[in-house]
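Colleague: Just dropping this structure here.
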Amino acid sequence: MSEGFDAEAHVAHMEKLMGLTIEDAWRPVVVAHVAATQKAADLLLGFPLDDEVEAAPVFVP
Amino acid sequence: MTEAADLTRLTAAETAAAVKSGSARALDVAQASLERIESLNPLLRAFTDVTAERALQQAAEVDEAIARGDDLPLAGVPFAVKNLFDMEGVVTRSGSKINLDNAPAQGDATLVRKLSQAGAVLMGGLNMGEYAYDFTGENVHDGNCLNPHDTGRMTGGSSSGSGAAAASGMVPVTLGSDTNGSIRVPSSFCGLFGLKPTYGRLSRHGTYPFVGSLDHLGPLTRSAEDLSLVFDVLQGPDVRDPAQADMPVLKTLSELEKGAGGLRVAVAGGYFREKAETEALAAVDKVAAALGASAEIDIPEAARARAAAYVITTSEGSNLHFDRIRTRPQDFDPDTRDRFLSGTMVPAMWVLQAQRFRSWFRTMMRGIFQHVDVILAPATPFSALPSGTKTITLGGETMPARPNIGLFTQPISFIGLPVVAVPVWLDGAALPIGVQVIAPAWREDLALRVAHQLGMDGVAAAPVADPAIDNI
């Protein structure tokens, strides 16, 4: 799943979409955090869940 | 009458007993607390706001109430709260510069009100990592909070001031919040008993959120008895917290004497031993030996649980702060700024998968608790790090310090299990380290019973720290 993920390109795309300001000095750290998050997500996406496993958040109508 | 210096050494239970019996006045206790805060706070930076006037007024009212014969379980007990709790008339900082623009709180957080009604005396608000996205206790706006046992080291965070204030005897009780470990980490680094109750147990109304899916509130104290005393007061329904569960109040104080007898205690293996330093493993083993616990159990997929908590935290926290991180990034602490920026960019697929995995992990853990009553695990991989530490090496892998101090706390709070962090001092150690006593959902009583026995047997202890103040 992670192959081909380019954290730097992801940040460059998303900062425009989200209207963010990322100064040059901050960028490497932001990119590192995005890469770390992707690594965490990769662990999750690699784990099969049955279709009936629902998301956890509480909602009381 | 008890001497002023002695008053700050007392636990909450001892303080309340002294005030109720008339051997100490609440006003004297509050003044002793204020003096200790004044003396140590320039060094430790535990308090950001001292509510001295309110404290003296509340204390005088407690003395009057006791004279009338009122029964107040926390009579005259000084307490302070992480500065994300609303305190009437005080701006709720949540460790930030930006929130100082907000108006002062118009009332107290539910838990502040409950403690006050029980006779406890609010001394003020405590330092914390910005917006609670922190495990270090470092804060660029209010200064780094320092560990009272070694001021060259971190308190741990994000409830940094909650750790420093209780460990240094400024107050016997503090409240903190714990999203991924922010009560248990400072409890470990500062050598305190810390309770993270079951998710949904205590009202969060009147506190500034971080990650609604994972936010918990709870106390830090110098004894397990004090945790119980305070926890019993803090409970009760509050419709203003939408995540609070409809559960009956669990009285724990009267259960403590049962100790760990008859409980099936196991040690968490696998993930919880792989990236722990020697002192963390030795502390768990010491506690296990004291409890006669020899069984080791594997908690499957703990690394994925931690990963899922990480993904939910960064995305949900960044959603909360989106306007602020978009318009005022320069006003954030650089250490949280870059994480909040990153968190705005998380695909929904990742977050939803994490929330579905949360259900899976909860169900799996329920199965484990069919066979054990309590699980032991390290609270932190090591004792308090030197201030300013940016990277750590665990299991041969070098990683950023700030997000990884909570490796062992995150998988547990992820599914809301109640935990008491107990402070252990290994032979010859200069610093304490915490062990998590983990119980099934809604069974805080079991973790508290075990913690109490460990305290009574001298296996866990939270002595008051007396940092040298010569060089302020």
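Residue names in the structure tokens use chain letters A, B, ... in the order shown, residue numbers from 1 in each chain, and ligand numbers from 1 in the order shown.
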Near chain A, meaning an atom within 7 Å, which residues of chain B appear when counting only C-alpha atoms? Write them as a compact mmCIF listing (two decimals) with C-alpha atoms, in the first residue's frame.

Modeller:
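File iface_9.txt, as written:
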# COMPACT_ATOMS: atom_id res chain seq x y z
CA SER B 213 -13.02 10.28 20.40
CA ALA B 243 -19.74 11.01 25.29
CA ARG B 304 -1.81 -1.53 15.14
CA ALA B 307 -1.06 3.24 14.98
CA ALA B 308 -4.82 3.68 14.87
CA VAL B 311 -4.09 8.41 12.98
CA ARG B 326 -4.64 27.79 8.63
CA ASP B 338 4.03 20.90 12.31
CA ARG B 339 1.99 18.00 13.64
CA LEU B 341 -0.37 20.96 9.78
CA SER B 342 0.37 17.35 8.92
CA MET B 345 -3.80 16.11 5.25
CA TRP B 350 -7.19 6.04 6.97
CA LEU B 352 -12.30 5.43 9.19
CA GLN B 353 -10.19 2.31 9.04
CA ALA B 354 -8.68 3.33 12.38
CA GLN B 355 -12.13 3.81 13.92
CA ARG B 356 -13.29 0.42 12.63
CA ARG B 358 -10.94 0.36 17.30
CA SER B 359 -14.11 -1.75 17.45
CA TRP B 360 -12.16 -4.86 16.52

Colleague: Going by DSSP on the backbone, which bits of segment 193-429 of chain B are strand (DSSP E or B)? Write them as JSON, numbers by chain, please.

Modeller: {"B": [193, 194, 195, 196, 207, 216, 217, 218, 219, 220, 221, 265, 266, 267, 268, 296, 297, 374, 375, 376, 377, 378, 386, 391, 392, 393, 394, 397, 398, 399, 400, 419, 420, 421, 422, 423, 424]}

Colleague: Could you state the separation of atom CA of Val233 of chain B and atom CA of Lys114 of chain B in Å, given to one decimal place?

Modeller: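 Taking atom CA of Val233 of chain B as the start and atom CA of Lys114 of chain B as the end point, the length is 6.7 Å.
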
Colleague: Using only C-alpha atoms, which protein or nucleic acid residues come within 7 Å of segment 85-87 of chain B? Drop anything in the same chain fewer than 5 positions from it, and give the result as a PyMOL selection string.

Modeller: chain B and resi 92+105+107-109+206-208

Colleague: Return the single residue from B:Thr8, B:Trp425, B:Ile412, B:Tyr131 that is closest to Gly181 of chain B, with distances computed using only C-alpha atoms.

Modeller: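 Smallest separation from Gly181 of chain B among the options: B:Ile412.
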
Colleague: So how many Å separate atom CA of Asp101 of chain B and atom CA of Thr314 of chain B, to one decimal?

Modeller: 24.2 Å

Colleague: Go through chain A and collect every residue that DSSP, computed from the backbone, puts in alpha helix (DSSP H); the answer should be as a PDB file with N, CA and C atoms, in the first residue's frame.

Modeller:
ATOM      1  N   ALA A   7       5.425  11.582   0.302  1.00  0.00           N
ATOM      2  CA  ALA A   7       4.922  12.485   1.349  1.00  0.00           C
ATOM      3  C   ALA A   7       5.098  13.950   0.942  1.00  0.00           C
ATOM      4  N   GLU A   8       6.194  14.246   0.296  1.00  0.00           N
ATOM      5  CA  GLU A   8       6.458  15.627  -0.100  1.00  0.00           C
ATOM      6  C   GLU A   8       5.419  16.102  -1.124  1.00  0.00           C
ATOM      7  N   ALA A   9       5.114  15.246  -2.083  1.00  0.00           N
ATOM      8  CA  ALA A   9       4.109  15.602  -3.091  1.00  0.00           C
ATOM      9  C   ALA A   9       2.725  15.706  -2.458  1.00  0.00           C
ATOM     10  N   HIS A  10       2.451  14.818  -1.498  1.00  0.00           N
ATOM     11  CA  HIS A  10       1.164  14.861  -0.795  1.00  0.00           C
ATOM     12  C   HIS A  10       1.005  16.197  -0.079  1.00  0.00           C
ATOM     13  N   VAL A  11       2.055  16.620   0.606  1.00  0.00           N
ATOM     14  CA  VAL A  11       2.012  17.904   1.320  1.00  0.00           C
ATOM     15  C   VAL A  11       1.826  19.051   0.322  1.00  0.00           C
ATOM     16  N   ALA A  12       2.573  19.008  -0.775  1.00  0.00           N
ATOM     17  CA  ALA A  12       2.475  20.091  -1.767  1.00  0.00           C
ATOM     18  C   ALA A  12       1.053  20.194  -2.331  1.00  0.00           C
ATOM     19  N   HIS A  13       0.419  19.050  -2.545  1.00  0.00           N
ATOM     20  CA  HIS A  13      -0.954  19.047  -3.055  1.00  0.00           C
ATOM     21  C   HIS A  13      -1.947  19.517  -1.985  1.00  0.00           C
ATOM     22  N   MET A  14      -1.826  18.943  -0.804  1.00  0.00           N
ATOM     23  CA  MET A  14      -2.824  19.201   0.242  1.00  0.00           C
ATOM     24  C   MET A  14      -2.729  20.625   0.801  1.00  0.00           C
ATOM     25  N   GLU A  15      -1.552  21.187   0.821  1.00  0.00           N
ATOM     26  CA  GLU A  15      -1.455  22.541   1.397  1.00  0.00           C
ATOM     27  C   GLU A  15      -2.236  23.543   0.553  1.00  0.00           C
ATOM     28  N   LYS A  16      -2.294  23.281  -0.750  1.00  0.00           N
ATOM     29  CA  LYS A  16      -3.096  24.158  -1.621  1.00  0.00           C
ATOM     30  C   LYS A  16      -4.580  23.889  -1.395  1.00  0.00           C
ATOM     31  N   LEU A  17      -4.931  22.612  -1.374  1.00  0.00           N
ATOM     32  CA  LEU A  17      -6.334  22.241  -1.182  1.00  0.00           C
ATOM     33  C   LEU A  17      -6.889  22.801   0.122  1.00  0.00           C
ATOM     34  N   MET A  18      -6.059  22.762   1.170  1.00  0.00           N
ATOM     35  CA  MET A  18      -6.513  23.169   2.501  1.00  0.00           C
ATOM     36  C   MET A  18      -6.227  24.647   2.787  1.00  0.00           C
ATOM     37  N   ARG A  27       8.756  22.845   6.495  1.00  0.00           N
ATOM     38  CA  ARG A  27       8.312  21.819   5.542  1.00  0.00           C
ATOM     39  C   ARG A  27       8.891  20.419   5.808  1.00  0.00           C
ATOM     40  N   PRO A  28      10.202  20.297   6.046  1.00  0.00           N
ATOM     41  CA  PRO A  28      10.733  18.941   6.237  1.00  0.00           C
ATOM     42  C   PRO A  28      10.079  18.217   7.415  1.00  0.00           C
ATOM     43  N   VAL A  29       9.757  18.958   8.457  1.00  0.00           N
ATOM     44  CA  VAL A  29       9.151  18.317   9.631  1.00  0.00           C
ATOM     45  C   VAL A  29       7.708  17.925   9.326  1.00  0.00           C
ATOM     46  N   VAL A  30       6.992  18.815   8.635  1.00  0.00           N
ATOM     47  CA  VAL A  30       5.611  18.480   8.256  1.00  0.00           C
ATOM     48  C   VAL A  30       5.620  17.229   7.379  1.00  0.00           C
ATOM     49  N   VAL A  31       6.525  17.191   6.439  1.00  0.00           N
ATOM     50  CA  VAL A  31       6.619  16.032   5.540  1.00  0.00           C
ATOM     51  C   VAL A  31       6.942  14.768   6.352  1.00  0.00           C
ATOM     52  N   ALA A  32       7.822  14.898   7.319  1.00  0.00           N
ATOM     53  CA  ALA A  32       8.176  13.734   8.155  1.00  0.00           C
ATOM     54  C   ALA A  32       6.963  13.239   8.939  1.00  0.00           C
ATOM     55  N   HIS A  33       6.147  14.172   9.425  1.00  0.00           N
ATOM     56  CA  HIS A  33       4.940  13.759  10.164  1.00  0.00           C
ATOM     57  C   HIS A  33       3.941  13.079   9.239  1.00  0.00           C
ATOM     58  N   VAL A  34       3.804  13.600   8.043  1.00  0.00           N
ATOM     59  CA  VAL A  34       2.891  12.960   7.074  1.00  0.00           C
ATOM     60  C   VAL A  34       3.387  11.547   6.757  1.00  0.00           C
ATOM     61  N   ALA A  35       4.686  11.406   6.591  1.00  0.00           N
ATOM     62  CA  ALA A  35       5.246  10.079   6.303  1.00  0.00           C
ATOM     63  C   ALA A  35       4.991   9.124   7.476  1.00  0.00           C
ATOM     64  N   ALA A  36       5.116   9.648   8.700  1.00  0.00           N
ATOM     65  CA  ALA A  36       4.873   8.804   9.882  1.00  0.00           C
ATOM     66  C   ALA A  36       3.407   8.388   9.956  1.00  0.00           C
ATOM     67  N   THR A  37       2.523   9.320   9.625  1.00  0.00           N
ATOM     68  CA  THR A  37       1.090   8.997   9.659  1.00  0.00           C
ATOM     69  C   THR A  37       0.760   7.952   8.608  1.00  0.00           C
ATOM     70  N   GLN A  38       1.360   8.108   7.438  1.00  0.00           N
ATOM     71  CA  GLN A  38       1.122   7.133   6.368  1.00  0.00           C
ATOM     72  C   GLN A  38       1.613   5.750   6.775  1.00  0.00           C
ATOM     73  N   LYS A  39       2.739   5.723   7.474  1.00  0.00           N
ATOM     74  CA  LYS A  39       3.276   4.439   7.927  1.00  0.00           C
ATOM     75  C   LYS A  39       2.300   3.773   8.910  1.00  0.00           C
ATOM     76  N   ALA A  40       1.726   4.595   9.784  1.00  0.00           N
ATOM     77  CA  ALA A  40       0.730   4.072  10.732  1.00  0.00           C
ATOM     78  C   ALA A  40      -0.501   3.567   9.985  1.00  0.00           C
ATOM     79  N   ALA A  41      -0.958   4.354   9.014  1.00  0.00           N
ATOM     80  CA  ALA A  41      -2.141   3.961   8.249  1.00  0.00           C
ATOM     81  C   ALA A  41      -1.885   2.673   7.473  1.00  0.00           C
ATOM     82  N   ASP A  42      -0.664   2.531   7.000  1.00  0.00           N
ATOM     83  CA  ASP A  42      -0.300   1.338   6.239  1.00  0.00           C
ATOM     84  C   ASP A  42      -0.482   0.077   7.082  1.00  0.00           C
ATOM     85  N   LEU A  43      -0.115   0.190   8.362  1.00  0.00           N
ATOM     86  CA  LEU A  43      -0.312  -0.938   9.274  1.00  0.00           C
ATOM     87  C   LEU A  43      -1.794  -1.302   9.364  1.00  0.00           C
ATOM     88  N   LEU A  44      -2.626  -0.278   9.415  1.00  0.00           N
ATOM     89  CA  LEU A  44      -4.069  -0.503   9.566  1.00  0.00           C
ATOM     90  C   LEU A  44      -4.678  -1.079   8.298  1.00  0.00           C
ATOM     91  N   LEU A  45      -4.273  -0.523   7.180  1.00  0.00           N
ATOM     92  CA  LEU A  45      -4.865  -0.964   5.919  1.00  0.00           C
ATOM     93  C   LEU A  45      -4.429  -2.392   5.576  1.00  0.00           C
TER      94      LEU A  45
END

Colleague: Give me the residues near Lys97 of chain B as a list in words, where near means some atom within 9 Å (using only C-alpha atoms) and where sequence neighbours in that chain fewer than 5 positions away do not count.

Modeller: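 Contacts, in chain order: Glu130, His141, Asp142, Asp331, Phe332 and Asp333 of chain B.
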
Colleague: Find, counting only C-alpha atoms, the residue in B:Leu40, B:Cys190, B:Val19, B:Ala260 that gets nearest to Gln453 of chain B.

Modeller: B:Ala260

Colleague: Can you tell me which residues surround segment 276-293 of chain B at a distance of at most 6 Å, considering only C-alpha atoms, apart from same-chain residues fewer than 6 positions away, and format the answer as an mmCIF file with C-alpha atoms, in the first residue's frame?

Modeller:
data_model
loop_
_atom_site.group_PDB
_atom_site.id
_atom_site.type_symbol
_atom_site.label_atom_id
_atom_site.label_comp_id
_atom_site.auth_asym_id
_atom_site.auth_seq_id
_atom_site.Cartn_x
_atom_site.Cartn_y
_atom_site.Cartn_z
ATOM 1 C CA VAL B 265 -3.047 -10.609 37.311
ATOM 2 C CA ALA B 266 -1.025 -11.050 34.122
ATOM 3 C CA PRO B 378 5.087 -0.269 31.478
ATOM 4 C CA PRO B 381 9.567 2.946 27.860
ATOM 5 C CA PHE B 382 12.055 4.716 30.175
ATOM 6 C CA VAL B 435 3.647 0.758 35.715
#

Colleague: Which polymer residues have any atom within 6 Å of an atom of Gly76 of chain B, counting only C-alpha atoms, with same-chain residues fewer than 3 positions away left out, as JSON, numbers by chain?

Modeller: {"B": [26, 119, 120, 121]}

Colleague: Save out the residues we just selected, N, CA and C atoms, as a JSON list (two decimals), in the first residue's frame.

Modeller:
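Listed below is the output, out-v8.json:
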[["chain", "number", "residue", "atom", "x", "y", "z"],
["B", 26, "ALA", "N", -8.54, 24.80, 57.13],
["B", 26, "ALA", "CA", -8.42, 24.84, 55.67],
["B", 26, "ALA", "C", -7.64, 26.07, 55.23],
["B", 119, "GLY", "N", -15.52, 20.33, 49.11],
["B", 119, "GLY", "CA", -14.66, 20.98, 50.10],
["B", 119, "GLY", "C", -13.23, 21.18, 49.67],
["B", 120, "ALA", "N", -12.87, 20.74, 48.45],
["B", 120, "ALA", "CA", -11.51, 20.96, 47.97],
["B", 120, "ALA", "C", -11.35, 22.43, 47.56],
["B", 121, "VAL", "N", -10.12, 22.89, 47.58],
["B", 121, "VAL", "CA", -9.82, 24.31, 47.39],
["B", 121, "VAL", "C", -8.96, 24.49, 46.15]]

Colleague: Could you work out how far atom CA of Val91 of chain B lies from atom CA of Gly317 of chain B, giving the answer in Å with one decimal?

Modeller: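 A separation of 20.7 Å between them.
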